[in-house]
Amino acid sequence: IGPNCAHPAPIHCANPFWHIMHVIHQWSLLVALLLYTVLGAGAQQQIDAKVYAKIFEVNKPAWARLAALIKENTPKGASVIDIGAGPGEPTTTMAKLLETHTFALTDSQVRMIENAKRRAAGLNNVEFHVASAEDLSAFPTASFDAATACYVLMFVNLDKSLKEMARVLKPGGVAFVTVWTGMPFYEMTVEALKELYSTQGFKGSVPALGVNPLSLSTTQFGVSSVETGISDMADINFKIKATEEITYDFHFGDQQTTCDATLVLGAPFAAIATEYGKSESELKAAFCAILESKITAHAEWKRPDGTFSIGKGVANLYTLEKAKDNSHEL
């Protein structure tokens, strides 16, 4: 991608091209930290590390529920693969609760694995692997008792990922996956961007956000579903055993922090500013003002400290089960 000019600078570091490429490289590393936050892959905007931490940590209720399900449905000493764990969750939560279990923490990003190692420091029952949900060839067939995938399937090839998940599970093994079905955080960002276009008098279509966490929902943003993915697996005996709904507040702090958090959704402010000859900072400020007005209109979202959540995220948590009949060759 370009030379590392942080070290004693070689001659080519004085070249503006290499400087630009170095900056792009640094931004790419930051983007990698965002790929499995509250939403998953696809973020295109820079975001403050403190804001990122708040986005990531909002999912603690999901991690706790997944850990409880693994505890309830697997024996002591069970082997578990966590697919798309990002910077270390829900693996770390599960590994702390279930010390006799062993966990294979996976993510497709090397940088994510590095951060996961820091988060899971001191845990002896976790191994780390760079592997994507769509390609778990690093693991033998029928090698795990259980699997988890927390807010991953919306951002990968659903068919390939489900088949790989089923393949690495032992006959009778279970998988627990979470998928967003409702998210005011996303929906209000879309609405605020549309209103920005209207109030600024921009012509043409409002650009889509770079991230769609509701791609497997029944909302207008949905393009498929877990049910469809399972039904398409005609050659594999993998079924939905149970479905439950989980919901929790999306609270990031004050209104500016909340607006900053929406940047992870990939609103293309820079491109809009260029197209219409506007200042990117002014567009963001106008967008934040619109978003704040929409959020504060919901009195029920106001918290005792005077800040507002941005509604509740709603997700389906699926329990998937692989047939005990091992005659199906995966």
# chains A, B, ... in the order shown; residues from 1 in each chain; ligands from 1

$ select_by_dssp --residues "range 97-329 of chain A" --states "strand (DSSP E)" --output "mmCIF file with N, CA, C and O atoms, in the first residue's frame"
data_model
loop_
_atom_site.group_PDB
_atom_site.id
_atom_site.type_symbol
_atom_site.label_atom_id
_atom_site.label_comp_id
_atom_site.auth_asym_id
_atom_site.auth_seq_id
_atom_site.Cartn_x
_atom_site.Cartn_y
_atom_site.Cartn_z
ATOM 1 N N THR A 102 -13.676 -24.567 25.330
ATOM 2 C CA THR A 102 -12.614 -23.995 24.507
ATOM 3 C C THR A 102 -13.257 -23.219 23.363
ATOM 4 O O THR A 102 -14.286 -23.635 22.809
ATOM 5 N N PHE A 103 -12.645 -22.106 23.008
ATOM 6 C CA PHE A 103 -13.231 -21.206 22.016
ATOM 7 C C PHE A 103 -12.234 -20.902 20.908
ATOM 8 O O PHE A 103 -11.066 -20.604 21.166
ATOM 9 N N ALA A 104 -12.725 -20.988 19.684
ATOM 10 C CA ALA A 104 -11.956 -20.556 18.519
ATOM 11 C C ALA A 104 -12.536 -19.222 18.081
ATOM 12 O O ALA A 104 -13.649 -19.157 17.566
ATOM 13 N N LEU A 105 -11.800 -18.154 18.328
ATOM 14 C CA LEU A 105 -12.239 -16.806 17.957
ATOM 15 C C LEU A 105 -11.754 -16.531 16.542
ATOM 16 O O LEU A 105 -10.566 -16.614 16.255
ATOM 17 N N THR A 106 -12.686 -16.188 15.649
ATOM 18 C CA THR A 106 -12.321 -15.946 14.258
ATOM 19 C C THR A 106 -12.753 -14.568 13.796
ATOM 20 O O THR A 106 -13.758 -14.020 14.257
ATOM 21 N N ASP A 107 -11.990 -14.019 12.882
ATOM 22 C CA ASP A 107 -12.374 -12.810 12.173
ATOM 23 C C ASP A 107 -11.537 -12.741 10.904
ATOM 24 O O ASP A 107 -10.421 -13.276 10.858
ATOM 25 N N VAL A 126 -8.989 -19.677 24.900
ATOM 26 C CA VAL A 126 -9.324 -19.024 23.624
ATOM 27 C C VAL A 126 -8.156 -19.149 22.654
ATOM 28 O O VAL A 126 -7.004 -18.875 23.016
ATOM 29 N N GLU A 127 -8.450 -19.572 21.423
ATOM 30 C CA GLU A 127 -7.482 -19.561 20.330
ATOM 31 C C GLU A 127 -7.953 -18.560 19.286
ATOM 32 O O GLU A 127 -9.150 -18.318 19.145
ATOM 33 N N PHE A 128 -7.031 -18.000 18.540
ATOM 34 C CA PHE A 128 -7.341 -16.926 17.604
ATOM 35 C C PHE A 128 -6.990 -17.336 16.181
ATOM 36 O O PHE A 128 -5.913 -17.871 15.926
ATOM 37 N N HIS A 129 -7.930 -17.081 15.261
ATOM 38 C CA HIS A 129 -7.742 -17.501 13.876
ATOM 39 C C HIS A 129 -8.242 -16.415 12.926
ATOM 40 O O HIS A 129 -9.340 -15.890 13.111
ATOM 41 N N VAL A 130 -7.442 -16.112 11.915
ATOM 42 C CA VAL A 130 -7.899 -15.240 10.842
ATOM 43 C C VAL A 130 -8.655 -16.105 9.845
ATOM 44 O O VAL A 130 -8.064 -16.943 9.162
ATOM 45 N N PHE A 144 -16.688 -28.792 15.891
ATOM 46 C CA PHE A 144 -17.157 -27.976 17.008
ATOM 47 C C PHE A 144 -18.529 -28.431 17.506
ATOM 48 O O PHE A 144 -19.375 -28.870 16.724
ATOM 49 N N ASP A 145 -18.716 -28.282 18.812
ATOM 50 C CA ASP A 145 -20.024 -28.601 19.416
ATOM 51 C C ASP A 145 -21.028 -27.483 19.187
ATOM 52 O O ASP A 145 -22.235 -27.727 19.154
ATOM 53 N N ALA A 146 -20.546 -26.259 19.077
ATOM 54 C CA ALA A 146 -21.441 -25.108 18.935
ATOM 55 C C ALA A 146 -20.739 -23.985 18.192
ATOM 56 O O ALA A 146 -19.509 -23.944 18.089
ATOM 57 N N ALA A 147 -21.559 -23.068 17.676
ATOM 58 C CA ALA A 147 -21.041 -21.895 16.978
ATOM 59 C C ALA A 147 -21.864 -20.681 17.363
ATOM 60 O O ALA A 147 -23.042 -20.791 17.702
ATOM 61 N N THR A 148 -21.228 -19.506 17.307
ATOM 62 C CA THR A 148 -21.943 -18.246 17.469
ATOM 63 C C THR A 148 -21.536 -17.312 16.334
ATOM 64 O O THR A 148 -20.423 -17.392 15.810
ATOM 65 N N ALA A 149 -22.473 -16.431 15.961
ATOM 66 C CA ALA A 149 -22.198 -15.396 14.966
ATOM 67 C C ALA A 149 -23.052 -14.194 15.340
ATOM 68 O O ALA A 149 -24.257 -14.172 15.071
ATOM 69 N N CYS A 150 -22.437 -13.232 15.992
ATOM 70 C CA CYS A 150 -23.155 -12.078 16.532
ATOM 71 C C CYS A 150 -23.118 -10.915 15.541
ATOM 72 O O CYS A 150 -22.068 -10.297 15.350
ATOM 73 N N LEU A 169 -19.726 -27.800 12.306
ATOM 74 C CA LEU A 169 -20.419 -28.313 13.493
ATOM 75 C C LEU A 169 -20.478 -29.836 13.476
ATOM 76 O O LEU A 169 -20.632 -30.462 12.420
ATOM 77 N N LYS A 170 -20.387 -30.425 14.645
ATOM 78 C CA LYS A 170 -20.574 -31.860 14.781
ATOM 79 C C LYS A 170 -22.055 -32.197 14.568
ATOM 80 O O LYS A 170 -22.914 -31.332 14.746
ATOM 81 N N PRO A 171 -22.386 -33.435 14.180
ATOM 82 C CA PRO A 171 -23.792 -33.829 14.108
ATOM 83 C C PRO A 171 -24.475 -33.556 15.447
ATOM 84 O O PRO A 171 -23.950 -33.886 16.507
ATOM 85 N N GLY A 172 -25.622 -32.890 15.390
ATOM 86 C CA GLY A 172 -26.331 -32.511 16.605
ATOM 87 C C GLY A 172 -25.852 -31.207 17.207
ATOM 88 O O GLY A 172 -26.386 -30.745 18.220
ATOM 89 N N GLY A 173 -24.850 -30.590 16.585
ATOM 90 C CA GLY A 173 -24.321 -29.331 17.086
ATOM 91 C C GLY A 173 -25.293 -28.186 16.891
ATOM 92 O O GLY A 173 -26.210 -28.243 16.068
ATOM 93 N N VAL A 174 -25.113 -27.131 17.682
ATOM 94 C CA VAL A 174 -26.020 -25.979 17.621
ATOM 95 C C VAL A 174 -25.248 -24.709 17.302
ATOM 96 O O VAL A 174 -24.061 -24.586 17.607
ATOM 97 N N ALA A 175 -25.955 -23.775 16.664
ATOM 98 C CA ALA A 175 -25.386 -22.461 16.375
ATOM 99 C C ALA A 175 -26.362 -21.399 16.841
ATOM 100 O O ALA A 175 -27.582 -21.560 16.727
ATOM 101 N N PHE A 176 -25.821 -20.309 17.361
ATOM 102 C CA PHE A 176 -26.637 -19.195 17.832
ATOM 103 C C PHE A 176 -26.202 -17.950 17.071
ATOM 104 O O PHE A 176 -25.035 -17.542 17.143
ATOM 105 N N VAL A 177 -27.135 -17.369 16.314
ATOM 106 C CA VAL A 177 -26.802 -16.217 15.480
ATOM 107 C C VAL A 177 -27.780 -15.078 15.740
ATOM 108 O O VAL A 177 -28.977 -15.303 15.949
ATOM 109 N N THR A 178 -27.263 -13.855 15.746
ATOM 110 C CA THR A 178 -28.111 -12.684 15.921
ATOM 111 C C THR A 178 -28.148 -11.889 14.623
ATOM 112 O O THR A 178 -27.133 -11.719 13.939
ATOM 113 N N VAL A 179 -29.344 -11.378 14.316
ATOM 114 C CA VAL A 179 -29.579 -10.620 13.086
ATOM 115 C C VAL A 179 -30.485 -9.439 13.422
ATOM 116 O O VAL A 179 -31.545 -9.622 14.032
ATOM 117 N N TRP A 180 -30.101 -8.251 13.023
ATOM 118 C CA TRP A 180 -30.927 -7.079 13.283
ATOM 119 C C TRP A 180 -32.227 -7.128 12.497
ATOM 120 O O TRP A 180 -32.228 -7.427 11.308
ATOM 121 N N THR A 181 -33.334 -6.799 13.178
ATOM 122 C CA THR A 181 -34.642 -6.719 12.516
ATOM 123 C C THR A 181 -35.255 -5.330 12.631
ATOM 124 O O THR A 181 -36.199 -5.015 11.918
ATOM 125 N N GLY A 182 -34.746 -4.521 13.531
ATOM 126 C CA GLY A 182 -35.222 -3.158 13.687
ATOM 127 C C GLY A 182 -34.139 -2.297 14.302
ATOM 128 O O GLY A 182 -33.458 -2.740 15.225
ATOM 129 N N PHE A 238 -29.852 -28.726 8.178
ATOM 130 C CA PHE A 238 -29.571 -27.655 9.138
ATOM 131 C C PHE A 238 -30.883 -26.906 9.315
ATOM 132 O O PHE A 238 -31.446 -26.402 8.343
ATOM 133 N N LYS A 239 -31.393 -26.828 10.518
ATOM 134 C CA LYS A 239 -32.725 -26.255 10.697
ATOM 135 C C LYS A 239 -32.742 -25.205 11.805
ATOM 136 O O LYS A 239 -31.860 -25.144 12.662
ATOM 137 N N ILE A 240 -33.795 -24.379 11.763
ATOM 138 C CA ILE A 240 -34.029 -23.400 12.820
ATOM 139 C C ILE A 240 -34.792 -24.092 13.941
ATOM 140 O O ILE A 240 -35.937 -24.517 13.760
ATOM 141 N N LYS A 241 -34.166 -24.220 15.069
ATOM 142 C CA LYS A 241 -34.771 -24.896 16.212
ATOM 143 C C LYS A 241 -35.617 -23.943 17.043
ATOM 144 O O LYS A 241 -36.665 -24.323 17.593
ATOM 145 N N ALA A 242 -35.180 -22.693 17.177
ATOM 146 C CA ALA A 242 -35.903 -21.708 17.978
ATOM 147 C C ALA A 242 -35.506 -20.305 17.534
ATOM 148 O O ALA A 242 -34.424 -20.097 16.967
ATOM 149 N N THR A 243 -36.399 -19.359 17.784
ATOM 150 C CA THR A 243 -36.123 -17.944 17.510
ATOM 151 C C THR A 243 -36.624 -17.124 18.688
ATOM 152 O O THR A 243 -37.728 -17.340 19.170
ATOM 153 N N GLU A 244 -35.811 -16.216 19.162
ATOM 154 C CA GLU A 244 -36.252 -15.302 20.215
ATOM 155 C C GLU A 244 -35.853 -13.889 19.833
ATOM 156 O O GLU A 244 -34.939 -13.668 19.035
ATOM 157 N N GLU A 245 -36.568 -12.934 20.387
ATOM 158 C CA GLU A 245 -36.283 -11.538 20.107
ATOM 159 C C GLU A 245 -35.515 -10.919 21.270
ATOM 160 O O GLU A 245 -35.841 -11.142 22.428
ATOM 161 N N ILE A 246 -34.481 -10.170 20.948
ATOM 162 C CA ILE A 246 -33.758 -9.419 21.981
ATOM 163 C C ILE A 246 -33.792 -7.946 21.590
ATOM 164 O O ILE A 246 -33.808 -7.604 20.406
ATOM 165 N N THR A 247 -33.833 -7.086 22.575
ATOM 166 C CA THR A 247 -33.891 -5.647 22.316
ATOM 167 C C THR A 247 -33.190 -4.892 23.429
ATOM 168 O O THR A 247 -33.231 -5.312 24.590
ATOM 169 N N TYR A 248 -32.532 -3.796 23.087
ATOM 170 C CA TYR A 248 -31.859 -2.983 24.086
ATOM 171 C C TYR A 248 -31.591 -1.589 23.535
ATOM 172 O O TYR A 248 -31.582 -1.357 22.325
ATOM 173 N N ASP A 249 -31.376 -0.655 24.472
ATOM 174 C CA ASP A 249 -31.163 0.750 24.129
ATOM 175 C C ASP A 249 -29.904 0.954 23.297
ATOM 176 O O ASP A 249 -28.880 0.308 23.522
ATOM 177 N N LYS A 312 -34.391 1.704 20.465
ATOM 178 C CA LYS A 312 -33.915 0.366 20.824
ATOM 179 C C LYS A 312 -33.611 -0.439 19.560
ATOM 180 O O LYS A 312 -34.396 -0.426 18.612
ATOM 181 N N GLY A 313 -32.492 -1.110 19.586
ATOM 182 C CA GLY A 313 -32.215 -2.069 18.532
ATOM 183 C C GLY A 313 -32.993 -3.342 18.808
ATOM 184 O O GLY A 313 -33.133 -3.758 19.961
ATOM 185 N N VAL A 314 -33.538 -3.937 17.773
ATOM 186 C CA VAL A 314 -34.301 -5.186 17.898
ATOM 187 C C VAL A 314 -33.661 -6.231 16.993
ATOM 188 O O VAL A 314 -33.361 -5.954 15.824
ATOM 189 N N ALA A 315 -33.437 -7.408 17.549
ATOM 190 C CA ALA A 315 -32.777 -8.459 16.775
ATOM 191 C C ALA A 315 -33.453 -9.799 17.000
ATOM 192 O O ALA A 315 -34.051 -10.034 18.059
ATOM 193 N N ASN A 316 -33.352 -10.659 16.021
ATOM 194 C CA ASN A 316 -33.724 -12.059 16.188
ATOM 195 C C ASN A 316 -32.487 -12.844 16.573
ATOM 196 O O ASN A 316 -31.419 -12.683 15.967
ATOM 197 N N LEU A 317 -32.644 -13.689 17.565
ATOM 198 C CA LEU A 317 -31.573 -14.602 17.944
ATOM 199 C C LEU A 317 -32.041 -15.998 17.581
ATOM 200 O O LEU A 317 -32.996 -16.528 18.162
ATOM 201 N N TYR A 318 -31.394 -16.582 16.595
ATOM 202 C CA TYR A 318 -31.778 -17.895 16.072
ATOM 203 C C TYR A 318 -30.939 -18.992 16.723
ATOM 204 O O TYR A 318 -29.721 -18.859 16.864
ATOM 205 N N THR A 319 -31.608 -20.074 17.071
ATOM 206 C CA THR A 319 -30.919 -21.304 17.445
ATOM 207 C C THR A 319 -31.017 -22.247 16.261
ATOM 208 O O THR A 319 -32.119 -22.646 15.863
ATOM 209 N N LEU A 320 -29.895 -22.574 15.671
ATOM 210 C CA LEU A 320 -29.848 -23.478 14.530
ATOM 211 C C LEU A 320 -29.273 -24.814 14.981
ATOM 212 O O LEU A 320 -28.374 -24.865 15.823
ATOM 213 N N GLU A 321 -29.787 -25.886 14.417
ATOM 214 C CA GLU A 321 -29.336 -27.217 14.826
ATOM 215 C C GLU A 321 -28.992 -28.054 13.606
ATOM 216 O O GLU A 321 -29.740 -28.122 12.639
ATOM 217 N N LYS A 322 -27.843 -28.707 13.694
ATOM 218 C CA LYS A 322 -27.433 -29.632 12.658
ATOM 219 C C LYS A 322 -27.955 -31.024 12.995
ATOM 220 O O LYS A 322 -27.929 -31.445 14.153
#

$ residues_around --residues "Pro140 in chain A" --least-positions-apart "4" --cutoff "9 Å" --atoms "only C-alpha atoms" --output "number ranges by chain"
A: 136, 167-168

$ write_last_selection --atoms "C-alpha atoms" --output "compact mmCIF listing (two decimals), in the first residue's frame"
# COMPACT_ATOMS: atom_id res chain seq x y z
CA LEU A 136 -13.70 -21.80 7.45
CA ARG A 167 -19.95 -28.02 7.97
CA VAL A 168 -17.73 -27.33 10.98

$ atom_distance --atom1 "CA of Ile70 in chain A" --atom2 "CA of Leu98 in chain A"
8.7 Å

$ select_by_dssp --residues "range 81-329 of chain A" --states "alpha helix (DSSP H)" --output "MDAnalysis selection string"
chainID A and resid 91:97 110:119 158:168 184:200 226:231 255:261 269:276 280:296

$ closest_atom_pairs --of "range 119-193 of chain A" --to "range 280-294 of chain A" --cutoff "12 Å" --atoms "only C-alpha atoms" --output "tab-separated table"
residue	atom	partner	partner_atom	distance
A:Pro184	CA	A:Lys294	CA	10.6
A:Phe185	CA	A:Leu291	CA	10.0
A:Tyr186	CA	A:Leu291	CA	11.2
A:Glu187	CA	A:Leu291	CA	10.8
A:Met188	CA	A:Leu291	CA	7.1
A:Thr189	CA	A:Leu291	CA	7.0
A:Val190	CA	A:Leu291	CA	9.7
A:Glu191	CA	A:Leu291	CA	8.4
A:Ala192	CA	A:Leu291	CA	5.5
A:Leu193	CA	A:Phe287	CA	6.7

$ write_last_selection --atoms "N, CA, C and O atoms" --output "mmCIF file, in the first residue's frame"
data_model
loop_
_atom_site.group_PDB
_atom_site.id
_atom_site.type_symbol
_atom_site.label_atom_id
_atom_site.label_comp_id
_atom_site.auth_asym_id
_atom_site.auth_seq_id
_atom_site.Cartn_x
_atom_site.Cartn_y
_atom_site.Cartn_z
ATOM 1 N N PRO A 184 -33.773 1.963 14.918
ATOM 2 C CA PRO A 184 -33.974 3.398 14.719
ATOM 3 C C PRO A 184 -32.675 4.150 14.429
ATOM 4 O O PRO A 184 -32.678 5.153 13.713
ATOM 5 N N PHE A 185 -31.577 3.667 14.965
ATOM 6 C CA PHE A 185 -30.258 4.248 14.721
ATOM 7 C C PHE A 185 -29.998 4.345 13.220
ATOM 8 O O PHE A 185 -29.488 5.360 12.725
ATOM 9 N N TYR A 186 -30.335 3.300 12.498
ATOM 10 C CA TYR A 186 -30.152 3.268 11.046
ATOM 11 C C TYR A 186 -31.267 4.022 10.329
ATOM 12 O O TYR A 186 -31.009 4.866 9.461
ATOM 13 N N GLU A 187 -32.503 3.743 10.723
ATOM 14 C CA GLU A 187 -33.655 4.326 10.040
ATOM 15 C C GLU A 187 -33.661 5.849 10.157
ATOM 16 O O GLU A 187 -33.966 6.558 9.185
ATOM 17 N N MET A 188 -33.324 6.373 11.327
ATOM 18 C CA MET A 188 -33.301 7.824 11.509
ATOM 19 C C MET A 188 -32.154 8.479 10.761
ATOM 20 O O MET A 188 -32.274 9.623 10.314
ATOM 21 N N THR A 189 -31.058 7.774 10.628
ATOM 22 C CA THR A 189 -29.947 8.302 9.847
ATOM 23 C C THR A 189 -30.353 8.443 8.383
ATOM 24 O O THR A 189 -30.048 9.449 7.729
ATOM 25 N N VAL A 190 -31.053 7.435 7.868
ATOM 26 C CA VAL A 190 -31.563 7.503 6.493
ATOM 27 C C VAL A 190 -32.518 8.678 6.338
ATOM 28 O O VAL A 190 -32.426 9.464 5.379
ATOM 29 N N GLU A 191 -33.450 8.833 7.294
ATOM 30 C CA GLU A 191 -34.425 9.927 7.234
ATOM 31 C C GLU A 191 -33.749 11.292 7.316
ATOM 32 O O GLU A 191 -34.117 12.228 6.598
ATOM 33 N N ALA A 192 -32.763 11.415 8.206
ATOM 34 C CA ALA A 192 -32.066 12.695 8.364
ATOM 35 C C ALA A 192 -31.293 13.056 7.097
ATOM 36 O O ALA A 192 -31.231 14.233 6.713
ATOM 37 N N LEU A 193 -30.711 12.063 6.429
ATOM 38 C CA LEU A 193 -29.983 12.324 5.190
ATOM 39 C C LEU A 193 -30.952 12.792 4.096
ATOM 40 O O LEU A 193 -30.644 13.711 3.326
#

$ residues_around --residues "range 228-237 of chain A" --least-positions-apart "3" --cutoff "10 Å" --atoms "only C-alpha atoms" --output "PyMOL selection string"
chain A and resi 157-163+166-167+171+216+224-225+240+320-330

$ closest_residue --among "A:Leu97, A:Gly311, A:Asp135, A:Met154" --to "Gly222 in chain A" --atoms "only C-alpha atoms"
A:Met154

$ closest_residue --among "A:Lys71, A:Thr262, A:Ala121, A:Ala138" --to "Met183 in chain A" --atoms "only C-alpha atoms"
A:Thr262
